[in-house]
$ cat entry16.csv   # CSV, C-alpha atoms
chain,number,residue,atom,x,y,z
V,1400,MET,CA,0.0,0.0,0.0
V,1401,GLY,CA,1.1,3.5,-0.7
V,1402,SER,CA,0.4,6.9,0.9
V,1403,VAL,CA,1.2,10.4,-0.4
V,1404,ARG,CA,0.8,13.6,1.5
V,1405,TRP,CA,2.2,16.7,-0.3
V,1406,ALA,CA,1.8,20.4,0.3
V,1407,PHE,CA,3.0,23.5,-1.6
V,1408,ARG,CA,2.9,27.0,0.0
V,1409,CYS,CA,1.3,29.1,-2.7
V,1410,GLY,CA,1.0,32.1,-0.4
V,1411,SER,CA,4.8,32.7,-0.4
V,1412,TRP,CA,5.3,31.7,-4.0
V,1413,THR,CA,6.2,34.6,-6.2
V,1414,PRO,CA,6.7,33.0,-9.7
V,1415,SER,CA,9.2,34.5,-12.1
V,1416,ARG,CA,8.2,35.1,-15.7
V,1417,SER,CA,10.0,31.9,-16.8
V,1418,ASP,CA,8.6,29.8,-14.0
V,1419,TRP,CA,5.0,30.9,-14.7
V,1420,LEU,CA,5.3,30.4,-18.5
V,1421,PHE,CA,7.0,27.0,-18.0
V,1422,ALA,CA,4.3,25.9,-15.6
V,1423,ALA,CA,1.6,26.9,-18.1
V,1424,ARG,CA,3.3,24.8,-20.8
V,1425,CYS,CA,3.2,21.7,-18.5
V,1426,ILE,CA,-0.5,21.5,-17.9
V,1427,GLN,CA,-3.4,20.6,-20.2
V,1428,ARG,CA,-4.7,23.4,-22.4
V,1429,GLU,CA,-8.2,23.6,-20.9
V,1430,GLU,CA,-6.7,23.8,-17.4
V,1431,LYS,CA,-4.3,26.6,-18.5
V,1432,ASP,CA,-7.3,28.5,-20.0
V,1433,ARG,CA,-9.4,28.0,-16.8
V,1434,ILE,CA,-6.5,29.2,-14.6
V,1435,GLY,CA,-6.1,32.3,-16.9
V,1436,GLN,CA,-9.8,33.2,-16.1
V,1437,PHE,CA,-9.2,33.7,-12.4
V,1438,VAL,CA,-9.6,37.4,-11.4
V,1439,PHE,CA,-7.0,37.2,-8.6
V,1440,ALA,CA,-3.4,36.1,-8.8
V,1441,LYS,CA,-3.7,34.2,-5.4
V,1442,ASP,CA,-6.4,31.9,-6.9
V,1443,ALA,CA,-4.5,31.4,-10.2
V,1444,LYS,CA,-1.3,30.4,-8.2
V,1445,SER,CA,-3.3,27.9,-6.1
V,1446,ALA,CA,-5.0,26.3,-9.1
V,1447,MET,CA,-1.7,26.1,-11.0
V,1448,ALA,CA,0.0,24.5,-8.0
V,1449,GLY,CA,-2.8,22.0,-7.7
V,1450,ARG,CA,-2.5,20.9,-11.3
V,1451,LEU,CA,1.3,20.5,-11.0
V,1452,LEU,CA,0.9,18.5,-7.8
V,1453,LEU,CA,-1.6,16.1,-9.5
V,1454,ARG,CA,0.6,15.6,-12.5
V,1455,ARG,CA,3.7,15.1,-10.4
V,1456,PHE,CA,1.9,12.4,-8.4
V,1457,VAL,CA,0.6,10.5,-11.4
V,1458,CYS,CA,4.0,10.7,-13.1
V,1459,GLU,CA,6.2,9.7,-10.1
V,1460,LYS,CA,3.9,7.3,-8.2
V,1461,MET,CA,1.8,5.8,-10.9
V,1462,GLY,CA,4.6,5.6,-13.5
V,1463,ILE,CA,2.8,7.3,-16.3
V,1464,PRO,CA,5.0,9.7,-18.5
V,1465,TRP,CA,4.1,13.3,-18.0
V,1466,SER,CA,3.2,13.8,-21.7
V,1467,GLU,CA,0.7,10.8,-21.5
V,1468,ILE,CA,-1.2,12.0,-18.5
V,1469,ARG,CA,-4.8,12.9,-19.2
V,1470,LEU,CA,-6.7,14.4,-16.2
V,1471,GLU,CA,-10.5,14.9,-16.3
V,1472,ARG,CA,-13.1,16.1,-13.9
V,1473,SER,CA,-16.2,14.3,-12.7
V,1474,PRO,CA,-19.6,16.2,-13.0
V,1475,ARG,CA,-19.0,17.3,-9.4
V,1476,GLY,CA,-15.5,18.6,-10.2
V,1477,LYS,CA,-13.4,15.8,-8.6
V,1478,PRO,CA,-10.3,15.2,-10.7
V,1479,TYR,CA,-9.6,11.7,-12.0
V,1480,LEU,CA,-7.2,10.0,-14.4
V,1481,ALA,CA,-8.7,9.3,-17.8
V,1482,ALA,CA,-7.8,5.9,-19.3
V,1483,PRO,CA,-5.2,4.9,-16.8
V,1484,VAL,CA,-2.4,2.6,-18.1
V,1485,SER,CA,-2.7,-1.0,-17.1
V,1486,PRO,CA,0.4,-3.1,-16.3
V,1487,ASP,CA,1.4,-5.5,-19.0
V,1488,SER,CA,1.7,-8.5,-16.8
V,1489,GLY,CA,1.4,-9.7,-13.2
V,1490,PRO,CA,-1.3,-9.0,-10.7
V,1491,GLU,CA,-3.0,-5.6,-10.8
V,1492,PRO,CA,-1.8,-3.5,-7.7
V,1493,PRO,CA,-4.4,-1.8,-5.6
V,1494,SER,CA,-5.7,1.3,-7.4
V,1495,TRP,CA,-4.7,4.8,-6.3
V,1496,THR,CA,-7.2,7.4,-5.4
V,1497,PHE,CA,-6.2,11.1,-4.9
V,1498,ASN,CA,-7.7,14.4,-3.9
V,1499,LEU,CA,-6.7,18.0,-3.9
V,1500,SER,CA,-7.5,21.1,-1.8
V,1501,HIS,CA,-6.3,24.6,-1.8
V,1502,GLN,CA,-7.3,27.4,0.6
V,1503,GLY,CA,-5.4,30.0,2.6
V,1504,ASP,CA,-1.7,29.7,2.0
V,1505,TYR,CA,-1.5,26.1,0.7
V,1506,ALA,CA,-2.3,23.6,-2.0
V,1507,VAL,CA,-2.4,20.1,-0.7
V,1508,LEU,CA,-2.6,16.6,-2.2
V,1509,ALA,CA,-3.5,13.3,-0.5
V,1510,ALA,CA,-3.3,10.0,-2.3
V,1511,GLU,CA,-3.8,6.4,-1.1
V,1512,GLN,CA,-3.7,2.9,-2.6
V,1513,GLY,CA,-6.7,0.7,-1.9
V,1514,ALA,CA,-8.8,3.3,-0.1
V,1515,GLN,CA,-11.0,6.2,-0.7
V,1516,VAL,CA,-9.4,9.5,0.1
V,1517,GLY,CA,-10.6,13.1,0.5
V,1518,VAL,CA,-8.6,16.1,1.7
V,1519,ASP,CA,-9.6,19.6,2.8
V,1520,ILE,CA,-7.6,22.5,4.2
V,1521,MET,CA,-9.0,25.6,6.0
V,1522,LYS,CA,-7.3,28.7,7.2
V,1523,THR,CA,-8.5,30.1,10.5
V,1524,THR,CA,-9.6,33.6,9.6
V,1525,MET,CA,-12.0,36.1,11.2
V,1526,PRO,CA,-15.3,36.6,9.3
V,1527,GLY,CA,-15.0,39.6,7.0
V,1528,SER,CA,-18.4,41.4,7.4
V,1529,SER,CA,-19.9,39.9,10.5
V,1530,SER,CA,-19.1,39.1,14.1
V,1531,VAL,CA,-18.2,35.6,15.1
V,1532,PRO,CA,-21.6,34.9,16.7
V,1533,GLU,CA,-23.4,36.2,13.5
V,1534,PHE,CA,-21.1,34.1,11.4
V,1535,PHE,CA,-21.9,31.0,13.4
V,1536,ARG,CA,-25.6,31.8,13.2
V,1537,ILE,CA,-25.4,31.9,9.4
V,1538,MET,CA,-23.6,28.5,9.4
V,1539,THR,CA,-26.0,26.9,11.9
V,1540,ARG,CA,-27.3,24.2,9.6
V,1541,GLN,CA,-23.8,22.9,8.7
V,1542,PHE,CA,-23.2,21.3,12.1
V,1543,THR,CA,-25.1,19.2,14.6
V,1544,GLU,CA,-26.1,20.4,18.1
V,1545,TYR,CA,-23.3,18.3,19.6
V,1546,GLU,CA,-20.7,19.8,17.3
V,1547,TRP,CA,-21.9,23.4,18.0
V,1548,SER,CA,-21.6,22.7,21.7
V,1549,VAL,CA,-18.0,21.7,21.2
V,1550,ILE,CA,-17.3,24.7,19.0
V,1551,GLN,CA,-18.9,27.3,21.2
V,1552,SER,CA,-17.3,25.9,24.4
V,1553,ALA,CA,-13.7,26.1,22.9
V,1554,GLY,CA,-12.8,29.3,24.7
V,1555,SER,CA,-12.0,32.6,23.1
V,1556,GLU,CA,-13.5,33.6,19.8
V,1557,GLN,CA,-10.2,32.7,18.1
V,1558,GLN,CA,-10.3,29.3,19.7
V,1559,GLN,CA,-13.9,28.8,18.7
V,1560,LEU,CA,-13.1,29.7,15.1
V,1561,ALA,CA,-10.2,27.3,15.1
V,1562,THR,CA,-12.5,24.5,16.3
V,1563,PHE,CA,-15.1,25.5,13.7
V,1564,TYR,CA,-12.6,25.3,10.9
V,1565,ARG,CA,-11.3,22.0,12.2
V,1566,HIS,CA,-14.8,20.5,12.0
V,1567,TRP,CA,-15.4,22.1,8.6
V,1568,ALA,CA,-12.3,20.5,7.2
V,1569,LEU,CA,-13.3,17.1,8.5
V,1570,LYS,CA,-16.7,17.3,7.0
V,1571,GLU,CA,-15.4,18.5,3.7
V,1572,SER,CA,-12.8,15.7,3.6
V,1573,PHE,CA,-15.5,13.1,4.0
V,1574,ILE,CA,-17.7,14.6,1.4
V,1575,LYS,CA,-14.9,14.8,-1.1
V,1576,ALA,CA,-13.8,11.2,-0.4
V,1577,ILE,CA,-17.3,9.9,-1.2
V,1578,GLY,CA,-17.8,12.3,-4.1
V,1579,THR,CA,-21.3,13.3,-3.1
V,1580,GLY,CA,-21.0,17.1,-3.4
V,1581,LEU,CA,-23.4,19.7,-2.3
V,1582,GLY,CA,-26.4,17.4,-2.1
V,1583,PHE,CA,-25.2,15.8,1.1
V,1584,ASN,CA,-26.9,16.9,4.3
V,1585,LEU,CA,-24.0,17.8,6.6
V,1586,GLN,CA,-26.1,17.3,9.7
V,1587,ARG,CA,-26.1,13.6,9.0
V,1588,VAL,CA,-22.4,13.6,10.0
V,1589,ALA,CA,-21.1,14.4,13.5
V,1590,PHE,CA,-17.5,14.4,14.4
V,1591,HIS,CA,-16.2,13.5,17.9
V,1592,LEU,CA,-12.7,14.9,18.2
V,1593,SER,CA,-9.8,13.3,19.9
V,1594,SER,CA,-9.1,14.5,23.4
V,1595,GLU,CA,-5.4,14.7,22.4
V,1596,PRO,CA,-4.5,18.3,21.6
V,1597,LEU,CA,-3.5,19.3,18.1
V,1598,THR,CA,0.0,20.6,17.9
V,1599,GLN,CA,1.9,22.0,14.9
V,1600,ASN,CA,2.7,19.3,12.4
V,1601,SER,CA,0.9,16.7,14.5
V,1602,VAL,CA,-1.2,13.9,13.0
V,1603,LEU,CA,-4.1,12.4,14.9
V,1604,ARG,CA,-6.1,9.3,14.1
V,1605,GLN,CA,-8.5,9.2,17.1
V,1606,THR,CA,-11.3,11.4,15.6
V,1607,LYS,CA,-14.5,9.4,15.3
V,1608,MET,CA,-17.3,10.0,12.7
V,1609,HIS,CA,-21.0,9.3,13.4
V,1610,LEU,CA,-23.2,8.9,10.3
V,1611,ASP,CA,-26.9,9.0,11.0
V,1612,GLU,CA,-26.0,8.7,14.7
V,1613,GLU,CA,-24.0,5.4,14.2
V,1614,GLU,CA,-20.3,5.3,14.6
V,1615,GLU,CA,-18.5,4.5,11.3
V,1616,LYS,CA,-15.7,2.2,12.1
V,1617,ASP,CA,-14.6,1.8,8.5
V,1618,TRP,CA,-13.3,5.4,8.3
V,1619,ILE,CA,-10.1,6.9,9.5
V,1620,PHE,CA,-9.6,10.7,9.8
V,1621,GLU,CA,-6.2,12.4,10.1
V,1622,SER,CA,-6.1,15.9,11.5
V,1623,LEU,CA,-3.1,18.0,11.0
V,1624,LEU,CA,-2.3,21.6,11.9
V,1625,ASP,CA,0.2,24.4,11.3
V,1626,ALA,CA,-0.1,27.7,13.0
V,1627,ASP,CA,-2.9,28.9,10.9
V,1628,HIS,CA,-4.3,26.0,8.9
V,1629,HIS,CA,-6.3,22.8,9.7
V,1630,VAL,CA,-6.0,19.9,7.2
V,1631,ALA,CA,-8.2,16.9,7.3
V,1632,VAL,CA,-7.7,13.6,5.4
V,1633,ALA,CA,-10.5,11.1,5.2
V,1634,LEU,CA,-9.7,7.5,4.5
V,1635,GLY,CA,-12.4,5.0,3.8
V,1636,PRO,CA,-13.0,1.5,2.3
V,1637,SER,CA,-12.3,1.1,-1.4
V,1638,ASP,CA,-15.4,1.7,-3.5
V,1639,LYS,CA,-14.1,-0.6,-6.2
V,1640,ALA,CA,-16.7,-3.0,-7.5
V,1641,GLY,CA,-16.6,-6.3,-5.7
V,1642,SER,CA,-14.3,-5.1,-2.9
V,1643,VAL,CA,-15.1,-6.1,0.7
V,1644,PRO,CA,-15.4,-3.1,3.0
V,1645,HIS,CA,-12.7,-3.0,5.6
V,1646,ARG,CA,-10.9,-0.6,7.9
V,1647,PRO,CA,-8.0,0.7,5.9
V,1648,SER,CA,-4.7,-1.0,6.9
V,1649,LEU,CA,-2.4,2.0,6.8
V,1650,PRO,CA,1.1,2.8,7.8
V,1651,CYS,CA,1.9,5.1,10.7
V,1652,PRO,CA,0.6,8.6,9.9
V,1653,THR,CA,3.0,11.3,8.8
V,1654,SER,CA,2.8,15.0,8.2
V,1655,PHE,CA,2.5,16.5,4.8
V,1656,THR,CA,5.8,16.9,3.0
V,1657,LEU,CA,6.4,20.5,1.9
V,1658,LEU,CA,7.5,20.8,-1.7
V,1659,SER,CA,9.3,23.6,-3.5
V,1660,PHE,CA,8.4,24.8,-7.0
V,1661,SER,CA,11.5,22.9,-8.3
V,1662,ASP,CA,10.0,19.7,-6.8
V,1663,LEU,CA,6.7,20.4,-8.6
V,1664,ILE,CA,8.3,20.5,-12.0
V,1665,ALA,CA,11.1,18.0,-11.4
V,1666,SER,CA,9.4,15.4,-13.7
V,1667,ALA,CA,7.6,17.9,-15.9
V,1668,SER,CA,7.8,18.0,-19.7
V,1669,PRO,CA,6.1,20.8,-21.8
V,1670,LEU,CA,2.9,20.0,-23.6
V,1671,SER,CA,2.6,23.2,-25.6
V,1672,GLU,CA,4.5,26.2,-26.9
V,1673,GLU,CA,5.3,29.2,-24.7
V,1674,ASP,CA,2.6,31.8,-24.6
V,1675,PRO,CA,4.2,35.2,-23.6
V,1676,ALA,CA,0.7,36.8,-23.3
V,1677,TYR,CA,-0.1,34.4,-20.5
V,1678,TRP,CA,2.5,36.1,-18.2
V,1679,ASP,CA,1.3,39.6,-19.2
V,1680,SER,CA,-2.3,38.6,-18.2
V,1681,PHE,CA,-1.1,37.1,-14.9
V,1682,LYS,CA,0.9,40.2,-14.0
V,1683,MET,CA,-2.2,42.4,-14.5
V,1684,LYS,CA,-4.2,40.5,-11.9
V,1685,ALA,CA,-4.8,41.9,-8.4
V,1686,VAL,CA,-3.1,39.8,-5.7
V,1687,ALA,CA,-6.3,39.0,-3.8
V,1688,PRO,CA,-9.6,40.6,-2.8
V,1689,GLN,CA,-9.1,43.8,-0.7
V,1690,ARG,CA,-10.2,42.2,2.5
V,1691,GLN,CA,-7.8,39.3,2.2
V,1692,ARG,CA,-4.9,41.8,1.5
V,1693,GLU,CA,-5.8,43.8,4.6
V,1694,THR,CA,-6.0,40.7,6.7
V,1695,HIS,CA,-2.6,39.5,5.5
V,1696,THR,CA,-0.8,42.8,6.0
V,1697,SER,CA,-2.2,43.3,9.4
V,1698,LYS,CA,-0.6,40.1,10.8
$ encode --input "entry16.csv" --output "structure tokens"
Amino acid sequence: MGSVRWAFRCGSWTPSRSDWLFAARCIQREEKDRIGQFVFAKDAKSAMAGRLLLRRFVCEKMGIPWSEIRLERSPRGKPYLAAPVSPDSGPEPPSWTFNLSHQGDYAVLAAEQGAQVGVDIMKTTMPGSSSVPEFFRIMTRQFTEYEWSVIQSAGSEQQQLATFYRHWALKESFIKAIGTGLGFNLQRVAFHLSSEPLTQNSVLRQTKMHLDEEEEKDWIFESLLDADHHVAVALGPSDKAGSVPHRPSLPCPTSFTLLSFSDLIASASPLSEEDPAYWDSFKMKAVAPQRQRETHTSK
């Protein structure tokens, strides 16, 4: 079995002209066009990093040459590998599943062999146009009464927000693993957090999920944290036809490996010609919405 946990810090990435144009040459044309449509440079950088993370994973871990990788999206936006290459001989190894998330300062990828996987990252930020109690009121339907009791008893408003985003990342990681999307009623799922405190770069596996008030023993949740971000990885039984549900047998958990831009493109090969106008368009983008810029500069 294999596990991959990679992260790239988009927030501190200031691509040079040559880096941005080379990255654009190494992704599929439709993805390049989609990234070019983002209004803000912050979002364009996050999306570009996500595509490079995916292609690096498929190339290095699945053994498919960069130029032969074809990534598609499900109707709900989940990326998948189109027409994966089958081994010529020998038993077929457990299939890989993978998932991406980008929010705050990071893009992250989680991948697993023989299990469903979903990943979500959330940055702890103060609500922009409302107080914390008003923000929680707006989000009431997203959590169960038990979860709200845990969130609102966490301490200071900052601690309450951190607990809120931890729960939110856990819920999103599960939804992304099963591929259900927006139609899933989040109140069906309640998370019971580990009593062990989260510390920076820690990985916990003691979180329990209750689905329709019954504990789901076939799912494992990893919780990780840096100073400002919660990351959750949901691991569940393989949904491959004919497979027998089982609690994933996984190695000891490890933190995400932080990659550099050089790491992202180490195996890359260009798929298209250089497009100088793509850099000109990128340089004209505002960095981020005004509120995000003010929040960042005030720290």
$ closest_residue --input "entry16.csv" --among "V:Ser1601, V:Val1438, V:Phe1655, V:Ile1664" --to "V:Leu1453" --atoms "only C-alpha atoms"
V:Ile1664
$ residues_around --input "entry16.csv" --residues "stretch 1519-1522 of chain V" --least-positions-apart "6" --cutoff "9 Å" --atoms "all atoms listed in the file" --output "PyMOL selection string"
chain V and resi 1498-1507+1561+1564-1565+1567-1573+1575+1627-1633
$ residues_around --input "entry16.csv" --residues "stretch 1442-1446 of chain V" --least-positions-apart "2" --cutoff "10 Å" --atoms "all atoms listed in the file" --output "number ranges by chain"
V: 1407-1410, 1412-1414, 1419, 1430-1431, 1433-1440, 1448-1452, 1499-1507, 1681, 1684, 1686-1687
$ atom_distance --input "entry16.csv" --atom1 "atom CA of V:Thr1653" --atom2 "atom CA of V:Ala1576"
19.2 Å
$ closest_residue --input "entry16.csv" --among "V:Ser1415, V:Gln1427, V:Ser1402, V:Ser1530" --to "V:Ser1668" --atoms "all atoms listed in the file"
V:Gln1427
